[in-house]
$ cat run_35.cif   # mmCIF, C-alpha atoms
data_data
loop_
_atom_site.group_PDB
_atom_site.id
_atom_site.type_symbol
_atom_site.label_atom_id
_atom_site.label_comp_id
_atom_site.auth_asym_id
_atom_site.auth_seq_id
_atom_site.Cartn_x
_atom_site.Cartn_y
_atom_site.Cartn_z
ATOM 1 C CA MET A 122 -25.914 24.478 22.009
ATOM 2 C CA LEU A 123 -24.256 26.284 19.141
ATOM 3 C CA ASN A 124 -26.345 29.219 17.924
ATOM 4 C CA LEU A 125 -26.045 29.155 14.144
ATOM 5 C CA TYR A 126 -28.372 32.067 13.459
ATOM 6 C CA ASP A 127 -26.791 34.790 15.531
ATOM 7 C CA THR A 128 -26.124 38.398 14.536
ATOM 8 C CA ASN A 129 -22.727 37.445 13.148
ATOM 9 C CA SER A 130 -24.143 36.189 9.825
ATOM 10 C CA TYR A 131 -25.140 37.832 6.539
ATOM 11 C CA LYS A 132 -26.620 36.948 3.131
ATOM 12 C CA CYS A 133 -24.335 36.109 0.181
ATOM 13 C CA ARG A 134 -25.928 35.238 -3.187
ATOM 14 C CA GLY A 135 -29.153 34.374 -1.435
ATOM 15 C CA MET A 136 -27.433 32.078 1.105
ATOM 16 C CA ARG A 137 -26.773 32.839 4.726
ATOM 17 C CA VAL A 138 -23.040 33.002 5.523
ATOM 18 C CA PHE A 139 -21.982 32.233 9.079
ATOM 19 C CA ARG A 140 -18.933 33.763 10.676
ATOM 20 C CA ARG A 141 -16.892 32.414 13.558
ATOM 21 C CA ASN A 142 -13.441 33.297 14.817
ATOM 22 C CA CYS A 143 -10.709 30.685 14.810
ATOM 23 C CA ILE A 144 -10.051 29.500 18.350
ATOM 24 C CA LYS A 145 -6.256 29.741 17.965
ATOM 25 C CA CYS A 146 -5.626 32.921 16.001
ATOM 26 C CA LYS A 147 -9.038 34.663 16.099
ATOM 27 C CA LEU A 148 -9.090 34.838 12.291
ATOM 28 C CA ASN A 149 -12.621 35.180 10.971
ATOM 29 C CA LEU A 150 -13.848 31.934 9.344
ATOM 30 C CA GLN A 151 -16.807 31.862 6.964
ATOM 31 C CA PHE A 152 -19.165 28.967 6.269
ATOM 32 C CA HIS A 153 -21.914 28.920 3.652
ATOM 33 C CA THR A 154 -24.150 26.355 5.345
ATOM 34 C CA PRO A 155 -24.843 25.413 8.950
ATOM 35 C CA THR A 156 -23.662 21.873 8.114
ATOM 36 C CA GLN A 157 -20.216 23.159 7.181
ATOM 37 C CA LEU A 158 -20.020 25.043 10.450
ATOM 38 C CA ILE A 159 -21.097 22.024 12.512
ATOM 39 C CA ASP A 160 -18.686 19.767 10.595
ATOM 40 C CA TYR A 161 -15.879 22.205 11.320
ATOM 41 C CA TYR A 162 -16.630 22.211 15.026
ATOM 42 C CA VAL A 163 -16.634 18.408 15.317
ATOM 43 C CA GLY A 164 -13.360 18.097 13.392
ATOM 44 C CA TYR A 165 -14.425 17.334 9.818
ATOM 45 C CA LYS A 166 -12.492 19.990 7.936
ATOM 46 C CA LYS A 167 -13.476 19.960 4.284
ATOM 47 C CA PRO A 168 -11.156 21.483 1.633
ATOM 48 C CA PHE A 169 -13.749 24.030 0.468
ATOM 49 C CA ILE A 170 -14.210 25.536 3.934
ATOM 50 C CA LEU A 171 -12.432 28.842 4.376
ATOM 51 C CA THR A 172 -10.183 28.314 7.357
ATOM 52 C CA CYS A 173 -6.947 29.657 8.702
ATOM 53 C CA PHE A 174 -3.568 28.303 7.605
ATOM 54 C CA HIS A 175 -2.627 26.446 10.797
ATOM 55 C CA SER A 176 -5.669 24.200 10.354
ATOM 56 C CA TYR A 177 -4.175 22.875 7.120
ATOM 57 C CA ILE A 178 -0.765 22.241 8.686
ATOM 58 C CA ARG A 179 -2.243 19.490 10.862
ATOM 59 C CA ALA A 180 -3.654 17.696 7.804
ATOM 60 C CA MET A 181 -0.505 18.099 5.683
ATOM 61 C CA LEU A 182 1.667 15.050 5.089
ATOM 62 C CA LEU A 183 5.427 15.359 4.766
ATOM 63 C CA GLU A 184 7.511 13.073 2.580
ATOM 64 C CA VAL A 185 10.520 11.921 4.602
ATOM 65 C CA LEU A 186 13.340 9.425 4.186
ATOM 66 C CA LYS A 187 12.091 5.943 5.096
ATOM 67 C CA SER A 188 15.075 3.792 4.186
ATOM 68 C CA LYS A 189 18.345 4.003 2.318
ATOM 69 C CA ILE A 190 20.935 1.622 0.913
ATOM 70 C CA HIS A 191 24.105 3.722 0.792
ATOM 71 C CA ARG A 192 26.745 3.075 -1.887
ATOM 72 C CA LEU A 193 25.664 -0.138 -3.569
ATOM 73 C CA THR A 194 27.676 -1.264 -6.600
ATOM 74 C CA VAL A 195 25.738 -2.005 -9.798
ATOM 75 C CA THR A 196 26.483 -5.577 -10.899
ATOM 76 C CA GLU A 197 24.620 -5.478 -14.229
ATOM 77 C CA ALA A 198 22.377 -3.359 -16.432
ATOM 78 C CA ASN A 199 19.764 -5.250 -18.472
ATOM 79 C CA LEU A 200 18.225 -3.107 -21.193
ATOM 80 C CA ASN A 201 15.994 -5.920 -22.514
ATOM 81 C CA TYR A 202 13.705 -6.089 -19.487
ATOM 82 C CA ILE A 203 10.411 -4.356 -18.712
ATOM 83 C CA GLY A 204 11.908 -2.127 -16.022
ATOM 84 C CA SER A 205 12.828 -1.973 -12.336
ATOM 85 C CA ILE A 206 15.804 -2.564 -10.084
ATOM 86 C CA THR A 207 16.693 -6.093 -9.025
ATOM 87 C CA LEU A 208 18.117 -6.289 -5.503
ATOM 88 C CA ASP A 209 19.289 -9.065 -3.208
ATOM 89 C CA PRO A 210 16.386 -10.009 -0.838
ATOM 90 C CA ASP A 211 18.798 -9.833 2.121
ATOM 91 C CA MET A 212 19.474 -6.186 1.244
ATOM 92 C CA ILE A 213 15.756 -5.445 0.746
ATOM 93 C CA GLU A 214 14.854 -6.858 4.172
ATOM 94 C CA ALA A 215 17.786 -5.163 5.948
ATOM 95 C CA ALA A 216 16.742 -1.796 4.529
ATOM 96 C CA ASP A 217 13.064 -2.287 5.479
ATOM 97 C CA MET A 218 11.960 -2.157 1.845
ATOM 98 C CA ILE A 219 9.459 -4.401 0.073
ATOM 99 C CA GLU A 220 9.203 -5.828 -3.416
ATOM 100 C CA GLY A 221 7.255 -3.494 -5.696
ATOM 101 C CA GLU A 222 8.017 -0.407 -3.584
ATOM 102 C CA LYS A 223 8.856 2.805 -5.416
ATOM 103 C CA VAL A 224 12.517 3.774 -5.038
ATOM 104 C CA GLN A 225 14.731 6.622 -6.107
ATOM 105 C CA VAL A 226 18.129 5.557 -7.450
ATOM 106 C CA LEU A 227 20.971 8.088 -7.301
ATOM 107 C CA ASN A 228 24.051 7.349 -9.393
ATOM 108 C CA CYS A 229 27.143 8.634 -7.553
ATOM 109 C CA MET A 230 29.303 8.366 -10.694
ATOM 110 C CA ASN A 231 27.371 10.614 -13.090
ATOM 111 C CA GLY A 232 24.753 12.385 -10.937
ATOM 112 C CA GLU A 233 21.728 10.715 -12.578
ATOM 113 C CA ARG A 234 18.542 10.316 -10.552
ATOM 114 C CA LEU A 235 15.730 7.977 -11.500
ATOM 115 C CA GLU A 236 12.629 6.411 -10.011
ATOM 116 C CA THR A 237 11.632 2.784 -10.412
ATOM 117 C CA TYR A 238 10.386 -0.121 -8.300
ATOM 118 C CA ILE A 239 12.061 -3.065 -6.574
ATOM 119 C CA ILE A 240 12.030 -6.701 -7.650
ATOM 120 C CA SER A 241 13.801 -9.479 -5.744
ATOM 121 C CA GLY A 242 16.809 -11.277 -7.148
ATOM 122 C CA GLU A 243 18.677 -14.322 -5.895
ATOM 123 C CA ARG A 244 19.185 -14.365 -2.112
ATOM 124 C CA GLY A 245 22.800 -13.905 -1.023
ATOM 125 C CA SER A 246 23.983 -12.971 -4.511
ATOM 126 C CA GLY A 247 24.538 -9.261 -3.812
ATOM 127 C CA VAL A 248 22.821 -8.455 -7.108
ATOM 128 C CA CYS A 249 22.044 -4.862 -8.067
ATOM 129 C CA CYS A 250 20.724 -4.798 -11.616
ATOM 130 C CA LEU A 251 18.949 -1.886 -13.257
ATOM 131 C CA ASN A 252 16.506 -3.077 -15.889
ATOM 132 C CA GLY A 253 14.803 -1.518 -18.882
ATOM 133 C CA PRO A 254 15.238 2.202 -19.616
ATOM 134 C CA ALA A 255 17.068 2.710 -16.297
ATOM 135 C CA ALA A 256 19.891 0.557 -17.696
ATOM 136 C CA ARG A 257 20.833 3.482 -19.964
ATOM 137 C CA LYS A 258 21.609 5.637 -16.933
ATOM 138 C CA VAL A 259 24.083 3.286 -15.223
ATOM 139 C CA GLU A 260 26.965 1.015 -16.091
ATOM 140 C CA PRO A 261 28.149 -2.061 -14.198
ATOM 141 C CA GLY A 262 30.577 -0.891 -11.532
ATOM 142 C CA ASP A 263 28.756 2.405 -10.849
ATOM 143 C CA VAL A 264 28.014 3.150 -7.207
ATOM 144 C CA VAL A 265 24.380 4.001 -6.472
ATOM 145 C CA ILE A 266 22.248 5.001 -3.509
ATOM 146 C CA VAL A 267 18.748 3.490 -3.277
ATOM 147 C CA ILE A 268 16.209 5.540 -1.308
ATOM 148 C CA THR A 269 12.562 5.092 -0.314
ATOM 149 C CA TYR A 270 10.327 7.753 1.173
ATOM 150 C CA ALA A 271 7.216 7.634 3.346
ATOM 151 C CA GLN A 272 4.432 10.151 3.899
ATOM 152 C CA MET A 273 3.537 10.968 7.473
ATOM 153 C CA SER A 274 2.275 13.791 9.613
ATOM 154 C CA ARG A 275 4.687 16.285 11.126
ATOM 155 C CA GLU A 276 4.311 14.722 14.585
ATOM 156 C CA GLU A 277 5.149 11.256 13.240
ATOM 157 C CA ALA A 278 8.084 12.608 11.206
ATOM 158 C CA LEU A 279 9.654 14.226 14.274
ATOM 159 C CA VAL A 280 9.987 10.861 16.066
ATOM 160 C CA PHE A 281 10.510 8.582 13.025
ATOM 161 C CA LYS A 282 13.991 7.094 12.521
ATOM 162 C CA PRO A 283 14.878 5.936 8.989
ATOM 163 C CA THR A 284 16.672 2.650 8.267
ATOM 164 C CA ILE A 285 20.071 3.175 6.649
ATOM 165 C CA VAL A 286 22.139 0.244 5.402
ATOM 166 C CA PHE A 287 25.841 0.424 4.477
ATOM 167 C CA PRO A 288 26.790 -2.595 2.328
ATOM 168 C CA ASP A 289 30.360 -3.449 1.365
ATOM 169 C CA PRO A 290 30.783 -1.750 -2.067
ATOM 170 C CA ALA A 291 33.109 -4.495 -3.321
ATOM 171 C CA THR A 292 30.750 -7.429 -2.648
ATOM 172 C CA ASN A 293 27.332 -5.786 -2.013
ATOM 173 C CA LYS A 294 27.060 -7.899 1.144
ATOM 174 C CA LEU A 295 25.791 -6.508 4.414
ATOM 175 C CA VAL A 296 28.505 -5.307 6.763
ATOM 176 C CA LYS A 297 27.809 -6.630 10.260
#
$ encode --input "run_35.cif" --output "structure tokens"
Amino acid sequence: MLNLYDTNSYKCRGMRVFRRNCIKCKLNLQFHTPTQLIDYYVGYKKPFILTCFHSYIRAMLLEVLKSKIHRLTVTEANLNYIGSITLDPDMIEAADMIEGEKVQVLNCMNGERLETYIISGERGSGVCCLNGPAARKVEPGDVVIVITYAQMSREEALVFKPTIVFPDPATNKLVK
């Protein structure tokens, strides 16, 4: 049984503060209520609990490359549309992307970077059309890179392998 009221506690603003050392680095942790201390011991780390840095590393999510379409040629730019990037469904599926997913578009011709979302075009057409305000940042014939990211823990990120697709820049068709 965990002894919450041992000699390693003191009063702070009328509340009892409990001290325990971190198991890994022996840093002194402080908890303002016995519930916080019990929650910490059973693995429920709350943001307001004073804890050592390595405890937060486990809870941190990293944003890593999920999928990438490398060097896709823009076929059209439609300013009179609400906004998004229209891609061939074959390309979307090959790159493990989904319709509505947030993407980052990198223009290799002028260095522009923008974020938008995917909508599906006609299957087999090789379409790559930037719509709405994004149309101002590209011209038909520009070569772009389309990237999606995913958030995952460090352990997952170390073993995760992103999907990278290299289409033919002349036709925007998948190269077998």
$ resolve_selection --input "run_35.cif" --expression "the PyMOL selection byres ((chain A and resi 291) around 12)" --output "MDAnalysis selection string"
chainID A and resid 192:196 247:248 262:264 287:290 292:296
$ atom_distance --input "run_35.cif" --atom1 "atom CA of Val226 of chain A" --atom2 "atom CA of Glu276 of chain A"
27.6 Å
$ atom_distance --input "run_35.cif" --atom1 "atom CA of Lys258 of chain A" --atom2 "atom CA of Tyr202 of chain A"
14.4 Å
$ resolve_selection --input "run_35.cif" --expression "the PyMOL selection byres ((chain A and resi 273) around 10)" --output "MDAnalysis selection string"
chainID A and resid 180:185 270:272 274:279 281
$ closest_residue --input "run_35.cif" --among "A:Val265, A:Leu235, A:Ile240, A:Ile190" --to "Ile219 of chain A" --atoms "only C-alpha atoms"
A:Ile240
$ closest_residue --input "run_35.cif" --among "A:Ala255, A:Val280, A:Ile239, A:Val286" --to "Leu227 of chain A" --atoms "only C-alpha atoms"
A:Ala255
$ closest_residue --input "run_35.cif" --among "A:Pro283, A:Pro254, A:Pro261, A:Pro210" --to "Gly242 of chain A" --atoms "all atoms listed in the file"
A:Pro210
$ closest_residue --input "run_35.cif" --among "A:Ser241, A:Arg257, A:Leu200, A:Lys187" --to "Gln225 of chain A" --atoms "all atoms listed in the file"
A:Lys187
$ atom_distance --input "run_35.cif" --atom1 "atom CA of Glu220 of chain A" --atom2 "atom CA of Leu186 of chain A"
17.5 Å
$ closest_residue --input "run_35.cif" --among "A:Lys282, A:Cys249, A:His191, A:Tyr238" --to "Met218 of chain A" --atoms "only C-alpha atoms"
A:Tyr238
$ closest_residue --input "run_35.cif" --among "A:Ile206, A:Met230, A:Ile268, A:Ala215" --to "Cys250 of chain A" --atoms "only C-alpha atoms"
A:Ile206
$ residues_near_point --input "run_35.cif" --point "(16.5, -2.9, -17.1)" --cutoff "7 Å" --atoms "all atoms listed in the file" --output "JSON, numbers by chain"
{"A": [198, 199, 200, 201, 202, 203, 204, 205, 251, 252, 253, 254, 255, 256]}
